[in-house]
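Quick notes on the structure that follows.
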Amino acid sequence: EPIAGVEDSKRLKKNQRRRIYEQVVAKPDSYVWNTEFASPSEIDEFDALKATMNAFSRSIARLVEDHDLPIEETISIVDGRKTPKLNPDLKGRLTCRPWVKGDSEVYTIALASILARTTHELLMEDYDKQYPEYDFGKHLGRPSNEHLQRITTHGTSPIHRLSMKKLQGR
């Protein structure tokens, strides 16, 4: 049964996203999902898009493996214009396709974007406890003026992406 209120995560308030996230987490037998992260060093090495595609690829492979999904019957739909390169075990066997505006047009992509965004927010709240001088709980790692000022004052932390243009020269 679909969860009420699922739509593009950018259109939802934090408390709406959190409610939906909690509904999914409360039913582990009803939803097959995971999260994969692109580390700051991976983003610095490749760029944000390629690192995201790598994370998509890892996520798809882990979902198939962890949940013993039938590869030939599994279809993965990702938001955007590009399809991630699948690992050799899945390439040519698992269907994966991009969907432009998927987070506003496809329920499962919208739900995935809510789960990803909420997971990011929870991670930033944890980082806020580890690195309180950066106030990650407030800006969630986005390059706000306040965040950039804190980097100027305190330097970068191990979780900052050094390749971000606004950080270069700080």
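By convention in this document, the chains of the structure tokens carry letters A, B, ... by their order, each chain's residues are numbered from 1, and ligands are numbered from 1 in the order they are shown.
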
- Query: Do you know which residues are at most 9 Å from region 21-36 of chain A counting only C-alpha atoms, after dropping those on the same chain fewer than 5 positions away, and could you put them as a ChimeraX atom specification?
  - Reply: /A:3,16,55-56,58-60,62-63,67,111-112,114-116,118-119

- Task: Output as a list in words all residues of region 58-108 of chain A that backbone DSSP marks as strand (DSSP E).
- Result: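 Across region 58-108 of chain A, those assigned strand (DSSP E) are Ile75, Ser76, Ile77, Val78, Asp79, Thr95, Cys96, Arg97, Pro98 and Trp99 of chain A.
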
Residues as selected, N, CA and C atoms, written as a compact mmCIF listing (two decimals), in the first residue's frame, can you do that?
# COMPACT_ATOMS: atom_id res chain seq x y z
N ILE A 75 14.11 -4.56 -12.24
CA ILE A 75 14.24 -3.32 -13.02
C ILE A 75 14.60 -2.21 -12.05
N SER A 76 15.66 -1.50 -12.38
CA SER A 76 16.08 -0.36 -11.57
C SER A 76 15.85 0.91 -12.37
N ILE A 77 15.18 1.87 -11.76
CA ILE A 77 14.91 3.16 -12.40
C ILE A 77 15.62 4.22 -11.56
N VAL A 78 16.44 5.04 -12.21
CA VAL A 78 17.17 6.08 -11.48
C VAL A 78 16.75 7.45 -11.99
N ASP A 79 16.77 8.41 -11.11
CA ASP A 79 16.41 9.78 -11.46
C ASP A 79 17.51 10.41 -12.30
N THR A 95 17.85 -4.84 -15.90
CA THR A 95 17.41 -3.65 -16.62
C THR A 95 17.55 -2.43 -15.71
N CYS A 96 18.23 -1.43 -16.22
CA CYS A 96 18.39 -0.18 -15.48
C CYS A 96 18.17 0.96 -16.46
N ARG A 97 17.31 1.89 -16.09
CA ARG A 97 17.03 3.00 -16.99
C ARG A 97 16.89 4.30 -16.23
N PRO A 98 17.29 5.39 -16.87
CA PRO A 98 17.12 6.70 -16.25
C PRO A 98 15.71 7.23 -16.51
N TRP A 99 15.29 8.16 -15.67
CA TRP A 99 13.99 8.80 -15.85
C TRP A 99 14.14 10.27 -15.47

- Item | For Asp103 (chain A): contacts at 6 Å, only C-alpha atoms, fewer than 4 positions along chain excluded, given as a PyMOL selection string | chain A and resi 8+109-110

- Could you pull the residues within 7 Å of Glu125 (chain A), counting only C-alpha atoms, minus those fewer than 3 positions along the same chain, as a list in words?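 With the cut-off at 7 Å, the set is Glu121, Leu122, Asp128, Lys129, Phe136 and Gly137 of chain A.
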
Could the residues in this selection be saved with C-alpha atoms as a compact mmCIF listing (two decimals), in the first residue's frame?
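This went into out_9.txt:
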# COMPACT_ATOMS: atom_id res chain seq x y z
CA GLU A 121 20.01 14.92 7.11
CA LEU A 122 20.44 12.30 9.84
CA ASP A 128 27.11 18.10 13.92
CA LYS A 129 27.83 16.26 17.18
CA PHE A 136 26.21 20.84 10.13
CA GLY A 137 22.81 20.34 11.79

Each region 28-54 of chain A residue no farther than 8 Å from region 150-162 of chain A, nearest pair in Å, only C-alpha atoms, as a Markdown table:
| residue | atom | partner | partner_atom | distance |
| --- | --- | --- | --- | --- |
| A:Ser39 | CA | A:Ile159 | CA | 7.9 |
| A:Pro40 | CA | A:Arg161 | CA | 4.7 |
| A:Ser41 | CA | A:Arg161 | CA | 6.9 |
| A:Ile43 | CA | A:Arg161 | CA | 6.9 |
| A:Asp44 | CA | A:Arg161 | CA | 6.2 |

- Message: Taking the DSSP secondary structure from the backbone, can you list the residues of region 7-122 of chain A that are helix (DSSP H, G or I), as an MDAnalysis selection string?
- Response: chainID A and resid 9:11 14:25 40:46 48:66 71:73 102:105 107:122

- Task: Tell me, as a list in words, which residues lie within 10 Å of Met53 (chain A), counting only C-alpha atoms; anything in the same chain fewer than 3 positions away does not count.
- Result: Ala38, Ala48, Leu49, Lys50, Phe56, Ser57, Arg58, Ser59, Val78, Lys82, Thr83, Pro84, Lys85 and Leu86 of chain A

For N, CA and C atoms, I'd like the residues from the last selection saved as a PDB file, in the first residue's frame.
ATOM      1  N   ALA A  38      28.688   8.443  -1.478  1.00  0.00           N
ATOM      2  CA  ALA A  38      29.912   8.804  -2.189  1.00  0.00           C
ATOM      3  C   ALA A  38      30.737   9.591  -1.179  1.00  0.00           C
ATOM      4  N   ALA A  48      31.155  15.046  -8.672  1.00  0.00           N
ATOM      5  CA  ALA A  48      29.924  14.687  -7.958  1.00  0.00           C
ATOM      6  C   ALA A  48      29.037  13.744  -8.772  1.00  0.00           C
ATOM      7  N   LEU A  49      28.887  13.988 -10.076  1.00  0.00           N
ATOM      8  CA  LEU A  49      28.007  13.142 -10.885  1.00  0.00           C
ATOM      9  C   LEU A  49      28.551  11.721 -10.996  1.00  0.00           C
ATOM     10  N   LYS A  50      29.819  11.566 -11.324  1.00  0.00           N
ATOM     11  CA  LYS A  50      30.392  10.219 -11.461  1.00  0.00           C
ATOM     12  C   LYS A  50      30.365   9.492 -10.119  1.00  0.00           C
ATOM     13  N   PHE A  56      25.104   4.784  -7.042  1.00  0.00           N
ATOM     14  CA  PHE A  56      23.919   4.108  -7.584  1.00  0.00           C
ATOM     15  C   PHE A  56      24.259   2.668  -7.946  1.00  0.00           C
ATOM     16  N   SER A  57      25.384   2.482  -8.628  1.00  0.00           N
ATOM     17  CA  SER A  57      25.796   1.145  -9.055  1.00  0.00           C
ATOM     18  C   SER A  57      26.019   0.225  -7.855  1.00  0.00           C
ATOM     19  N   ARG A  58      26.708   0.730  -6.840  1.00  0.00           N
ATOM     20  CA  ARG A  58      26.932  -0.073  -5.626  1.00  0.00           C
ATOM     21  C   ARG A  58      25.612  -0.408  -4.943  1.00  0.00           C
ATOM     22  N   SER A  59      24.712   0.562  -4.907  1.00  0.00           N
ATOM     23  CA  SER A  59      23.418   0.358  -4.256  1.00  0.00           C
ATOM     24  C   SER A  59      22.608  -0.728  -4.962  1.00  0.00           C
ATOM     25  N   VAL A  78      16.440   5.036 -12.205  1.00  0.00           N
ATOM     26  CA  VAL A  78      17.168   6.078 -11.481  1.00  0.00           C
ATOM     27  C   VAL A  78      16.754   7.449 -11.991  1.00  0.00           C
ATOM     28  N   LYS A  82      21.142   9.911 -16.870  1.00  0.00           N
ATOM     29  CA  LYS A  82      22.175   8.891 -17.052  1.00  0.00           C
ATOM     30  C   LYS A  82      21.861   7.628 -16.269  1.00  0.00           C
ATOM     31  N   THR A  83      22.330   6.529 -16.811  1.00  0.00           N
ATOM     32  CA  THR A  83      22.220   5.235 -16.144  1.00  0.00           C
ATOM     33  C   THR A  83      23.590   4.882 -15.594  1.00  0.00           C
ATOM     34  N   PRO A  84      23.657   4.433 -14.351  1.00  0.00           N
ATOM     35  CA  PRO A  84      24.965   4.043 -13.814  1.00  0.00           C
ATOM     36  C   PRO A  84      25.499   2.804 -14.526  1.00  0.00           C
ATOM     37  N   LYS A  85      26.828   2.707 -14.587  1.00  0.00           N
ATOM     38  CA  LYS A  85      27.449   1.496 -15.127  1.00  0.00           C
ATOM     39  C   LYS A  85      27.293   0.399 -14.083  1.00  0.00           C
ATOM     40  N   LEU A  86      26.662  -0.673 -14.477  1.00  0.00           N
ATOM     41  CA  LEU A  86      26.444  -1.784 -13.554  1.00  0.00           C
ATOM     42  C   LEU A  86      27.700  -2.638 -13.460  1.00  0.00           C
TER      43      LEU A  86
END

- Item | Separation of CA of Leu69 (chain A) from CA of Glu1 (chain A), in Å and rounded to one decimal |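 Those two atoms sit 20.5 Å apart.
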